[in-house]
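Source file: work13.txt (compact mmCIF, C-alpha atoms)
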# COMPACT_ATOMS: atom_id res chain seq x y z
CA MET A 234 0.00 0.00 0.00
CA SER A 235 2.85 2.35 0.75
CA ASP A 236 4.43 1.28 -2.53
CA ILE A 237 2.76 4.16 -4.32
CA SER A 238 5.61 6.28 -5.59
CA THR A 239 5.54 9.95 -6.51
CA TRP A 240 5.57 8.89 -10.14
CA ASP A 241 2.49 6.69 -9.53
CA ILE A 242 0.71 9.66 -7.99
CA PHE A 243 1.37 11.87 -10.99
CA ARG A 244 0.54 9.12 -13.46
CA ASN A 245 -2.82 8.58 -11.77
CA LEU A 246 -3.50 12.31 -11.69
CA LEU A 247 -2.69 12.55 -15.39
CA LEU A 248 -5.14 9.74 -16.12
CA ALA A 249 -7.78 11.41 -13.95
CA ALA A 250 -7.32 14.67 -15.86
CA ARG A 251 -8.97 12.95 -18.84
CA TRP A 252 -12.27 12.86 -16.98
CA THR A 253 -11.96 16.48 -15.98
CA ILE A 254 -11.48 17.30 -19.67
CA VAL A 255 -14.40 15.11 -20.78
CA LEU A 256 -16.74 16.71 -18.23
CA THR A 257 -15.53 20.18 -19.22
CA LEU A 258 -16.16 19.52 -22.91
CA THR A 259 -19.61 18.06 -22.18
CA ALA A 260 -20.56 21.08 -20.11
CA PHE A 261 -19.09 23.53 -22.59
CA ILE A 262 -20.80 22.05 -25.64
CA GLY A 263 -24.08 21.34 -23.81
CA GLY A 264 -23.98 24.73 -22.10
CA GLY A 265 -23.24 26.41 -25.41
CA ILE A 266 -26.28 24.85 -27.09
CA VAL A 267 -28.67 25.51 -24.19
CA GLY A 268 -27.10 28.94 -23.70
CA LEU A 269 -27.79 29.85 -27.33
CA ILE A 270 -31.44 28.84 -26.93
CA VAL A 271 -31.67 30.90 -23.74
CA LEU A 272 -29.99 33.82 -25.54
CA PHE A 273 -32.55 33.75 -28.35
CA ALA A 274 -35.41 33.63 -25.86
CA ARG A 275 -33.85 36.34 -23.68
CA THR A 276 -33.39 38.81 -26.56
CA SER A 277 -36.62 37.92 -28.39
CA GLY A 278 -38.71 40.69 -26.81
CA ASN A 279 -41.48 38.19 -26.03
CA LYS A 280 -42.52 39.08 -22.47
CA ALA A 281 -43.19 35.54 -21.25
CA LEU A 282 -39.97 34.18 -22.73
CA VAL A 283 -37.90 37.06 -21.34
CA LEU A 284 -39.36 36.55 -17.87
CA LEU A 285 -38.80 32.81 -18.03
CA THR A 286 -35.16 33.12 -19.11
CA LYS A 287 -34.50 35.86 -16.56
CA GLY A 288 -35.73 33.47 -13.88
CA PHE A 289 -33.59 30.65 -15.27
CA ILE A 290 -30.46 32.81 -15.28
CA GLU A 291 -31.13 34.22 -11.81
CA LEU A 292 -31.69 30.72 -10.43
CA PHE A 293 -28.49 29.23 -11.83
CA GLN A 294 -26.29 32.27 -11.18
CA GLY A 295 -27.66 32.86 -7.69
CA THR A 296 -27.30 29.37 -6.22
CA PRO A 297 -24.23 27.22 -5.50
CA LEU A 298 -23.16 24.80 -8.21
CA LEU A 299 -22.96 22.13 -5.51
CA MET A 300 -26.67 22.57 -4.67
CA GLN A 301 -27.54 22.34 -8.38
CA MET A 302 -25.68 19.04 -8.56
CA PHE A 303 -27.43 17.71 -5.46
CA LEU A 304 -30.79 18.70 -6.95
CA MET A 305 -30.00 16.98 -10.26
CA PHE A 306 -28.74 13.93 -8.42
CA PHE A 307 -31.81 13.51 -6.24
CA GLY A 308 -34.27 15.26 -8.56
CA VAL A 309 -33.83 12.97 -11.58
CA ALA A 310 -33.97 10.00 -9.20
CA LEU A 311 -37.53 11.02 -8.33
CA PHE A 312 -38.59 9.84 -11.79
CA GLY A 313 -37.48 6.38 -10.77
CA LEU A 314 -34.26 6.59 -12.77
CA ASP A 315 -30.94 5.49 -11.42
CA VAL A 316 -28.72 8.57 -11.70
CA PRO A 317 -25.01 8.03 -12.22
CA ALA A 318 -22.75 10.81 -10.92
CA TRP A 319 -21.56 11.77 -14.41
CA LEU A 320 -25.13 12.42 -15.55
CA ALA A 321 -26.03 14.61 -12.57
CA ALA A 322 -22.74 16.48 -12.83
CA GLY A 323 -23.03 16.88 -16.60
CA LEU A 324 -26.62 18.14 -16.39
CA ALA A 325 -25.91 20.60 -13.59
CA LEU A 326 -22.75 21.94 -15.24
CA THR A 327 -24.55 22.24 -18.59
CA LEU A 328 -27.40 24.33 -17.16
CA TRP A 329 -25.00 26.37 -14.99
CA SER A 330 -22.76 27.12 -17.99
CA ALA A 331 -25.81 27.92 -20.12
CA ALA A 332 -26.97 30.57 -17.64
CA PHE A 333 -23.57 32.30 -17.62
CA LEU A 334 -22.91 31.96 -21.36
CA ALA A 335 -26.37 33.34 -22.20
CA GLU A 336 -25.67 36.43 -20.08
CA ILE A 337 -22.20 36.90 -21.56
CA TRP A 338 -23.54 36.59 -25.09
CA ARG A 339 -26.49 38.86 -24.36
CA GLY A 340 -23.99 41.60 -23.53
CA CYS A 341 -22.32 41.02 -26.90
CA VAL A 342 -25.62 41.02 -28.82
CA GLU A 343 -26.75 44.19 -27.08
CA SER A 344 -23.47 45.93 -27.89
CA ILE A 345 -24.36 45.76 -31.58
CA PRO A 346 -25.66 49.23 -32.51
CA LYS A 347 -29.44 49.56 -32.68
CA GLY A 348 -29.16 50.86 -36.23
CA GLN A 349 -28.12 47.39 -37.37
CA TRP A 350 -31.40 45.96 -36.05
CA GLU A 351 -33.42 48.78 -37.57
CA ALA A 352 -31.68 48.58 -40.94
CA SER A 353 -32.20 44.82 -41.14
CA ALA A 354 -35.82 45.21 -40.03
CA SER A 355 -36.38 47.69 -42.82
CA LEU A 356 -35.14 45.02 -45.22
CA ALA A 357 -38.08 42.89 -44.00
CA LEU A 358 -35.92 40.39 -42.17
CA ASN A 359 -37.67 38.69 -39.27
CA TYR A 360 -36.10 38.24 -35.82
CA MET A 361 -34.38 34.94 -36.62
CA GLU A 362 -33.05 36.27 -39.93
CA GLN A 363 -31.80 39.45 -38.27
CA MET A 364 -29.93 37.38 -35.69
CA ARG A 365 -28.62 34.91 -38.24
CA HIS A 366 -27.41 37.29 -40.94
CA VAL A 367 -26.77 40.63 -39.28
CA VAL A 368 -26.34 40.58 -35.50
CA LEU A 369 -24.68 37.26 -34.63
CA PRO A 370 -21.87 37.46 -37.23
CA GLN A 371 -20.82 40.74 -35.60
CA ALA A 372 -21.51 39.67 -32.03
CA VAL A 373 -19.48 36.45 -32.34
CA ARG A 374 -16.27 38.42 -32.80
CA ILE A 375 -16.74 40.23 -29.48
CA ALA A 376 -18.05 37.11 -27.79
CA ILE A 377 -15.05 34.85 -28.33
CA PRO A 378 -12.63 36.26 -25.68
CA PRO A 379 -15.12 36.21 -22.75
CA THR A 380 -16.36 32.77 -23.84
CA VAL A 381 -12.83 31.37 -23.73
CA GLY A 382 -12.44 33.11 -20.37
CA PHE A 383 -15.57 31.41 -19.06
CA SER A 384 -14.30 28.00 -20.13
CA VAL A 385 -11.75 28.40 -17.31
CA GLN A 386 -14.66 28.69 -14.88
CA ILE A 387 -16.13 25.46 -16.28
CA VAL A 388 -12.85 23.56 -15.81
CA LYS A 389 -12.77 24.76 -12.19
CA GLY A 390 -16.47 24.00 -11.75
CA THR A 391 -15.89 20.34 -12.59
CA ALA A 392 -13.98 19.99 -9.29
CA VAL A 393 -17.32 20.29 -7.46
CA ALA A 394 -18.52 17.13 -9.25
CA SER A 395 -16.09 15.15 -7.07
CA ILE A 396 -18.44 15.81 -4.13
CA ILE A 397 -21.29 13.85 -5.69
CA GLY A 398 -18.86 11.05 -6.51
CA PHE A 399 -17.70 11.78 -10.05
CA VAL A 400 -14.14 10.49 -10.32
CA GLU A 401 -12.05 13.31 -11.77
CA LEU A 402 -8.86 15.07 -10.66
CA THR A 403 -10.02 16.20 -7.22
CA LYS A 404 -11.68 12.88 -6.38
CA VAL A 405 -8.60 10.91 -7.45
CA GLY A 406 -6.57 13.36 -5.35
CA THR A 407 -8.69 12.50 -2.29
CA MET A 408 -8.38 8.78 -3.02
CA LEU A 409 -4.61 9.04 -3.44
CA THR A 410 -4.34 11.01 -0.21
CA ASN A 411 -6.20 8.29 1.64
CA ALA A 412 -3.85 5.66 0.19
CA THR A 413 -0.53 7.48 0.57
CA PHE A 414 -1.05 9.91 3.49
CA LYS A 415 0.81 12.54 1.48
CA PRO A 416 -1.83 15.29 1.22
CA PHE A 417 0.66 18.09 0.58
CA LEU A 418 2.21 16.36 -2.40
CA VAL A 419 -1.06 15.03 -3.81
CA TYR A 420 -3.04 18.27 -3.59
CA SER A 421 -0.08 20.22 -4.98
CA GLY A 422 -0.21 17.83 -7.91
CA VAL A 423 -3.97 18.26 -8.31
CA ALA A 424 -3.61 22.05 -8.20
CA LEU A 425 -0.79 21.87 -10.75
CA MET A 426 -2.93 19.76 -13.11
CA PHE A 427 -5.79 22.25 -12.90
CA PHE A 428 -3.35 25.09 -13.42
CA LEU A 429 -1.94 23.44 -16.53
CA LEU A 430 -5.48 23.05 -17.90
CA CYS A 431 -6.66 26.56 -17.03
CA TRP A 432 -3.66 28.78 -17.54
CA PRO A 433 -3.33 28.33 -21.32
CA LEU A 434 -7.04 29.12 -21.64
CA SER A 435 -6.62 32.25 -19.49
CA LEU A 436 -3.66 33.41 -21.56
CA TRP A 437 -5.52 32.70 -24.79
CA ALA A 438 -8.56 34.68 -23.58
CA ARG A 439 -6.33 37.61 -22.65
CA TYR A 440 -4.56 37.47 -26.01
CA LEU A 441 -7.87 37.46 -27.91
CA GLU A 442 -9.14 40.34 -25.83
CA GLY A 443 -6.03 42.36 -26.57
CA LYS A 444 -6.47 41.67 -30.27
CA ILE A 445 -10.02 43.02 -30.31
CA HIS A 446 -9.18 46.15 -28.35
CA GLY A 447 -6.08 46.65 -30.49
CA SER A 448 -8.03 46.58 -33.71
CA ARG A 449 -10.61 48.94 -32.29
CA SER A 450 -8.15 51.68 -31.39
CA HIS A 451 -7.07 52.08 -35.02
CA MET B 243 -44.14 9.93 -10.72
CA GLY B 244 -45.13 8.13 -7.56
CA TYR B 245 -43.35 10.51 -5.26
CA HIS B 246 -45.08 12.64 -2.66
CA PHE B 247 -43.33 15.82 -1.64
CA ASP B 248 -43.21 16.34 2.06
CA PHE B 249 -41.74 19.54 3.40
CA SER B 250 -43.49 19.35 6.78
CA ASP B 251 -40.69 17.40 8.37
CA LEU B 252 -38.15 20.15 7.63
CA TRP B 253 -39.68 22.60 10.09
CA GLY B 254 -38.49 20.41 12.94
CA TYR B 255 -34.92 21.02 11.80
CA ARG B 256 -35.24 24.81 11.57
CA GLU B 257 -32.65 25.32 14.33
CA VAL B 258 -30.09 23.37 12.26
CA PHE B 259 -30.85 25.48 9.19
CA PHE B 260 -30.66 28.77 11.12
CA LYS B 261 -27.28 27.77 12.53
CA GLY B 262 -26.08 26.89 9.04
CA ILE B 263 -27.34 30.18 7.59
CA TRP B 264 -25.63 32.09 10.37
CA LEU B 265 -22.31 30.40 9.74
CA THR B 266 -22.56 30.94 5.96
CA LEU B 267 -23.20 34.63 6.64
CA PHE B 268 -20.34 34.76 9.13
CA LEU B 269 -17.90 33.09 6.70
CA THR B 270 -19.04 35.43 3.93
CA ALA B 271 -18.76 38.57 6.06
CA VAL B 272 -15.27 37.77 7.34
CA GLY B 273 -14.08 36.28 4.04
CA CYS B 274 -15.32 39.20 1.94
CA SER B 275 -14.08 42.03 4.16
CA LEU B 276 -10.61 40.52 4.60
CA GLY B 277 -10.57 39.41 0.95
CA ILE B 278 -11.31 42.93 -0.28
CA ALA B 279 -8.62 44.29 2.07
CA VAL B 280 -6.10 41.84 0.57
CA GLY B 281 -7.33 42.88 -2.87
CA ILE B 282 -6.72 46.57 -2.18
CA GLY B 283 -3.22 45.79 -0.91
CA GLY B 284 -2.53 43.47 -3.83
CA ALA B 285 -3.84 45.92 -6.41
CA ALA B 286 -1.80 48.80 -4.97
CA SER B 287 1.36 46.65 -4.91
CA ARG B 288 0.76 45.45 -8.43
CA GLN B 289 0.12 48.96 -9.72
CA TYR B 290 2.65 51.03 -7.77
CA GLY B 291 4.98 48.54 -6.05
CA PRO B 292 8.57 47.60 -6.97
CA LYS B 293 9.16 45.10 -9.77
CA TRP B 294 9.78 42.07 -7.52
CA LEU B 295 6.58 42.68 -5.58
CA ARG B 296 4.57 42.99 -8.80
CA VAL B 297 5.94 39.66 -9.98
CA ILE B 298 5.03 37.95 -6.69
CA VAL B 299 1.51 39.39 -6.60
CA GLY B 300 1.08 38.55 -10.28
CA ALA B 301 2.06 34.92 -9.65
CA TYR B 302 -0.31 34.74 -6.67
CA VAL B 303 -3.21 36.05 -8.75
CA GLU B 304 -2.52 33.62 -11.63
CA ALA B 305 -2.09 30.63 -9.31
CA ILE B 306 -5.38 31.26 -7.49
CA ARG B 307 -7.45 32.25 -10.50
CA ASN B 308 -6.45 29.12 -12.42
CA THR B 309 -7.20 26.50 -9.73
CA PRO B 310 -10.57 25.48 -8.24
CA PHE B 311 -11.70 26.79 -4.87
CA LEU B 312 -12.28 23.22 -3.67
CA VAL B 313 -8.68 22.21 -4.40
CA GLN B 314 -7.39 25.33 -2.62
CA LEU B 315 -9.56 24.42 0.35
CA PHE B 316 -8.27 20.82 0.45
CA PHE B 317 -4.70 22.01 0.03
CA ILE B 318 -5.01 24.39 2.97
CA PHE B 319 -7.00 22.04 5.22
CA PHE B 320 -5.34 18.68 4.43
CA GLY B 321 -2.03 19.72 2.83
CA LEU B 322 -0.73 22.45 5.11
CA PRO B 323 -0.82 20.38 8.34
CA ALA B 324 1.86 18.18 6.74
CA MET B 325 4.02 21.32 6.70
CA GLY B 326 3.26 21.97 10.36
CA VAL B 327 0.47 24.52 9.85
CA LYS B 328 -2.60 23.09 11.56
CA LEU B 329 -5.89 24.86 11.02
CA GLY B 330 -9.39 24.19 12.30
CA GLU B 331 -12.12 23.79 9.69
CA LEU B 332 -13.45 27.32 10.20
CA GLN B 333 -9.99 28.88 10.05
CA ALA B 334 -9.19 26.89 6.91
CA ALA B 335 -12.51 27.91 5.32
CA ILE B 336 -11.96 31.59 6.09
CA LEU B 337 -8.31 31.51 5.00
CA THR B 338 -9.25 29.90 1.67
CA MET B 339 -12.02 32.41 1.05
CA VAL B 340 -9.69 35.32 1.84
CA VAL B 341 -6.88 33.97 -0.34
CA ASN B 342 -9.35 33.21 -3.15
CA LEU B 343 -11.23 36.51 -3.10
CA GLY B 344 -7.94 38.35 -2.51
CA ALA B 345 -6.65 37.20 -5.90
CA TYR B 346 -9.84 38.00 -7.81
CA SER B 347 -10.32 41.38 -6.15
CA THR B 348 -6.65 42.28 -6.74
CA GLU B 349 -7.33 41.93 -10.44
CA ILE B 350 -10.68 43.75 -10.28
CA ILE B 351 -9.45 46.65 -8.15
CA ARG B 352 -6.25 46.98 -10.18
CA ALA B 353 -8.38 47.59 -13.28
CA GLY B 354 -10.07 50.40 -11.33
CA LEU B 355 -6.77 51.90 -10.20
CA ALA B 356 -5.33 51.68 -13.72
CA SER B 357 -8.22 53.68 -15.13
CA THR B 358 -7.47 56.68 -12.89
CA HIS B 359 -6.69 59.68 -15.04
CA LYS B 360 -3.21 61.11 -14.54
CA GLY B 361 -4.60 64.64 -14.45
CA GLN B 362 -6.60 63.74 -11.33
CA VAL B 363 -3.44 62.91 -9.39
CA GLU B 364 -1.65 65.99 -10.70
CA ALA B 365 -4.56 68.19 -9.71
CA ALA B 366 -4.57 66.66 -6.21
CA GLU B 367 -0.81 67.25 -5.92
CA SER B 368 -1.25 70.88 -6.88
CA LEU B 369 -3.76 71.14 -4.02
CA ALA B 370 -0.94 70.03 -1.70
CA MET B 371 -2.65 66.78 -0.75
CA SER B 372 -0.34 64.21 0.82
CA GLY B 373 0.43 60.86 -0.79
CA PRO B 374 -1.93 58.82 1.44
CA GLN B 375 -4.66 61.45 1.01
CA ILE B 376 -4.32 61.29 -2.76
CA PHE B 377 -4.41 57.49 -2.73
CA ARG B 378 -7.51 57.36 -0.58
CA HIS B 379 -9.64 60.21 -1.89
CA VAL B 380 -8.52 60.63 -5.49
CA ILE B 381 -7.43 57.14 -6.55
CA LEU B 382 -8.98 54.42 -4.39
CA VAL B 383 -12.54 55.55 -3.71
CA PRO B 384 -13.30 56.59 -7.31
CA ALA B 385 -11.68 53.33 -8.47
CA LEU B 386 -13.89 51.32 -6.08
CA ARG B 387 -16.95 53.15 -7.44
CA ARG B 388 -16.06 52.13 -10.98
CA ILE B 389 -15.50 48.45 -10.17
CA TRP B 390 -18.13 48.07 -7.42
CA PRO B 391 -20.55 46.01 -9.56
CA ALA B 392 -17.79 43.55 -10.52
CA LEU B 393 -16.57 43.33 -6.94
CA SER B 394 -20.05 42.65 -5.57
CA SER B 395 -20.62 39.87 -8.13
CA GLN B 396 -17.34 38.30 -7.08
CA CYS B 397 -18.37 38.41 -3.41
CA VAL B 398 -21.68 36.71 -4.30
CA ILE B 399 -19.67 34.02 -6.13
CA VAL B 400 -17.50 33.55 -3.02
CA MET B 401 -20.60 33.24 -0.83
CA LEU B 402 -22.06 30.59 -3.14
CA GLY B 403 -18.66 28.91 -3.36
CA SER B 404 -18.56 28.59 0.42
CA ALA B 405 -21.05 25.72 -0.01
CA VAL B 406 -18.12 23.38 -0.64
CA CYS B 407 -16.68 24.23 2.79
CA SER B 408 -19.12 21.56 4.01
CA GLN B 409 -16.57 19.08 2.66
CA ILE B 410 -14.09 19.92 5.42
CA SER B 411 -17.02 19.80 7.88
CA ALA B 412 -17.35 23.53 8.40
CA GLU B 413 -20.94 23.56 9.65
CA GLU B 414 -22.43 26.07 7.21
CA LEU B 415 -25.71 25.87 5.29
CA THR B 416 -24.75 22.98 2.99
CA PHE B 417 -23.40 21.02 5.93
CA ALA B 418 -26.72 21.60 7.70
CA ALA B 419 -28.56 20.42 4.57
CA ASN B 420 -26.44 17.25 4.37
CA PHE B 421 -27.05 16.64 8.05
CA VAL B 422 -30.82 16.98 7.78
CA ALA B 423 -30.93 14.88 4.59
CA SER B 424 -29.02 12.11 6.33
CA ARG B 425 -31.60 12.19 9.12
CA ASN B 426 -34.93 12.32 7.32
CA PHE B 427 -33.94 10.99 3.85
CA ARG B 428 -35.98 13.78 2.24
CA ASN B 429 -32.99 14.66 0.04
CA PHE B 430 -34.76 16.51 -2.73
CA GLU B 431 -36.89 18.63 -0.39
CA VAL B 432 -33.92 19.49 1.82
CA TYR B 433 -31.72 20.59 -1.08
CA LEU B 434 -34.57 22.46 -2.74
CA VAL B 435 -35.17 24.48 0.43
CA SER B 436 -31.42 25.10 0.84
CA THR B 437 -31.16 26.25 -2.76
CA VAL B 438 -33.98 28.73 -2.24
CA ILE B 439 -32.26 29.99 0.92
CA TYR B 440 -29.00 30.47 -1.01
CA LEU B 441 -30.88 32.35 -3.72
CA ALA B 442 -32.38 34.65 -1.09
CA LEU B 443 -28.95 35.17 0.49
CA ALA B 444 -27.45 36.00 -2.92
CA ILE B 445 -30.18 38.53 -3.67
CA GLY B 446 -29.80 40.00 -0.18
CA LEU B 447 -26.02 40.24 -0.49
CA ARG B 448 -26.31 41.98 -3.85
CA TYR B 449 -28.73 44.48 -2.28
CA LEU B 450 -26.36 45.01 0.67
CA PHE B 451 -23.56 45.88 -1.74
CA ARG B 452 -25.78 48.42 -3.46
CA VAL B 453 -26.55 49.97 -0.07
CA ILE B 454 -22.84 50.11 0.78
CA GLY B 455 -22.13 51.63 -2.61
CA ARG B 456 -24.83 54.22 -2.06
CA TYR B 457 -23.99 55.28 1.49
CA VAL B 458 -20.28 54.51 1.91
CA LEU B 459 -18.94 55.14 -1.59
CA LYS B 460 -21.62 57.79 -2.31
CA MET B 461 -22.58 56.22 -5.61
CA SER B 462 -25.76 57.12 -7.40
CA TRP B 463 -28.59 54.61 -6.99
CA GLU B 464 -29.04 53.13 -10.43
Step by step, read the file and then write its structure as structure tokens.
Amino acid sequence: MSDISTWDIFRNLLLAARWTIVLTLTAFIGGGIVGLIVLFARTSGNKALVLLTKGFIELFQGTPLLMQMFLMFFGVALFGLDVPAWLAAGLALTLWSAAFLAEIWRGCVESIPKGQWEASASLALNYMEQMRHVVLPQAVRIAIPPTVGFSVQIVKGTAVASIIGFVELTKVGTMLTNATFKPFLVYSGVALMFFLLCWPLSLWARYLEGKIHGSRSH
Amino acid sequence: MGYHFDFSDLWGYREVFFKGIWLTLFLTAVGCSLGIAVGIGGAASRQYGPKWLRVIVGAYVEAIRNTPFLVQLFFIFFGLPAMGVKLGELQAAILTMVVNLGAYSTEIIRAGLASTHKGQVEAAESLAMSGPQIFRHVILVPALRRIWPALSSQCVIVMLGSAVCSQISAEELTFAANFVASRNFRNFEVYLVSTVIYLALAIGLRYLFRVIGRYVLKMSWE
């Protein structure tokens, strides 16, 4: 049992990082799709839809991610389904990401000058066509840096999934600690792994942001 | 769905919930005030300090902002004792919140400091204001006004993040929820009620920050 070497610890953490990445990608892609739907509803001008999406965003931005996971875990089980940890974690992270991404993207859509909407409306484009051909192509350019920045939050959010039993970096860290009694080394390793996942994304987001502001000043 | 919701049993545990709410509020109050203080110090060092200090603060900010709160918490609570630093669960929770918010608020407040117009400082100097006076009245307070919305959102995030402190058995709201759920097995009801309480706390905290902005920083009430 005490034969676990430092190399074994890092090898196991590296393997565990795969699941952190898988969960991140699931949440990012799922959150992106749901977030886009929420964005369309939020900016549609339809009173009921706007109210509904406002409530959705408030609920998922104003409550702990851990509580959302608990609710998914026990909530889906109420339908008589057996809920594996990855499903509860994936669902909660997807909806949580969707709420934040929809708000980030709304800011980008609303930063497009009103004249663009009016001009496209005068060309008899309907709401979906305006979004598709006029507003979104412009909004996407501004939206990329903060979206990349938010992906860092998703990577860090996946750590919470360890609490409901999803085996990713943090959970493997806890398991390794229990086996080796080397918490300092193990959690340093876990932190390092997360850092190596997040830092490039942070730098990339900053670089993209600089590029946009650079082009604007000319 | 053959499930009958039953919230009636929760009322019997109200004392547990109130204790949990109180501790969440306590952790948030201490964590946020100390965290903002660290942020002001960090931002000032990063903006005006010597090169070596800027590098250290910069590394601290990057290290904290690119690792999860939960891992920081485990590192401080389980990892540090191996180095001879033993902390109770409340001390570890508060320390992690301060270190975490300190890094984020350093970055937020620094953006505020950086946007101070040079002419403002020159004008204050020509009025014979001292260095500390200039920093406080001309640089810091207007900077805080500009970044107050971002700073309050970050504090709300820290309050919500404190839910994971239940994992080192700090007896805050989530710990209370876990405790009650393990007693009455009404998991969904317990977590639903806790979620609603967190939502109310988040809305309340946001309002509190607006009040502070209005009466302490003399901001206009948007």
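Interface residues on chain B toward chain A (cut-off 6 Å, only C-alpha atoms): Met243, Asn308, Thr309, Pro310, Phe317, Phe320, Gly321, Leu402, Phe430, Tyr440, Leu441 and Ala444 of chain B.
In this structure, atom CA of Thr257 of chain A sits 8.6 Å away from atom CA of Gly323 of chain A.
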Taking all listed atoms of segment 350-354 of chain A, build the axis-aligned box, pad each of the six sides by 6 Å, then write its centre and edge lengths in Å to one decimal as JSON.
{"center_x": -33.6, "center_y": 46.8, "center_z": -38.6, "size_x": 16.4, "size_y": 16.0, "size_z": 17.1}
**Request:** Work out how far apart atom CA of Val435 of chain B and atom CA of Met339 of chain B are and give it in Å to one decimal.
**Result:** 24.5 Å
**Item:** Top pick for closest residue to Gly281 of chain B, considering B:Arg256, B:His246, B:Arg352, B:Arg296 and counting only C-alpha atoms
**Value:**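 Checking each of B:Arg256, B:His246, B:Arg352, B:Arg296 against Gly281 of chain B, counting only C-alpha atoms, the winner is B:Arg352.
Picture a line from atom CA of Met401 of chain B to atom CA of Thr270 of chain B; it runs 5.5 Å.
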**Prompt:** Which neighbours of Leu415 of chain B fall inside 7 Å, counting only C-alpha atoms, when residues of the same chain fewer than 6 positions from it are skipped, and could you give them as a list in words?
**Reply:** Phe259, Gly262, Ile263 and Thr266 of chain B
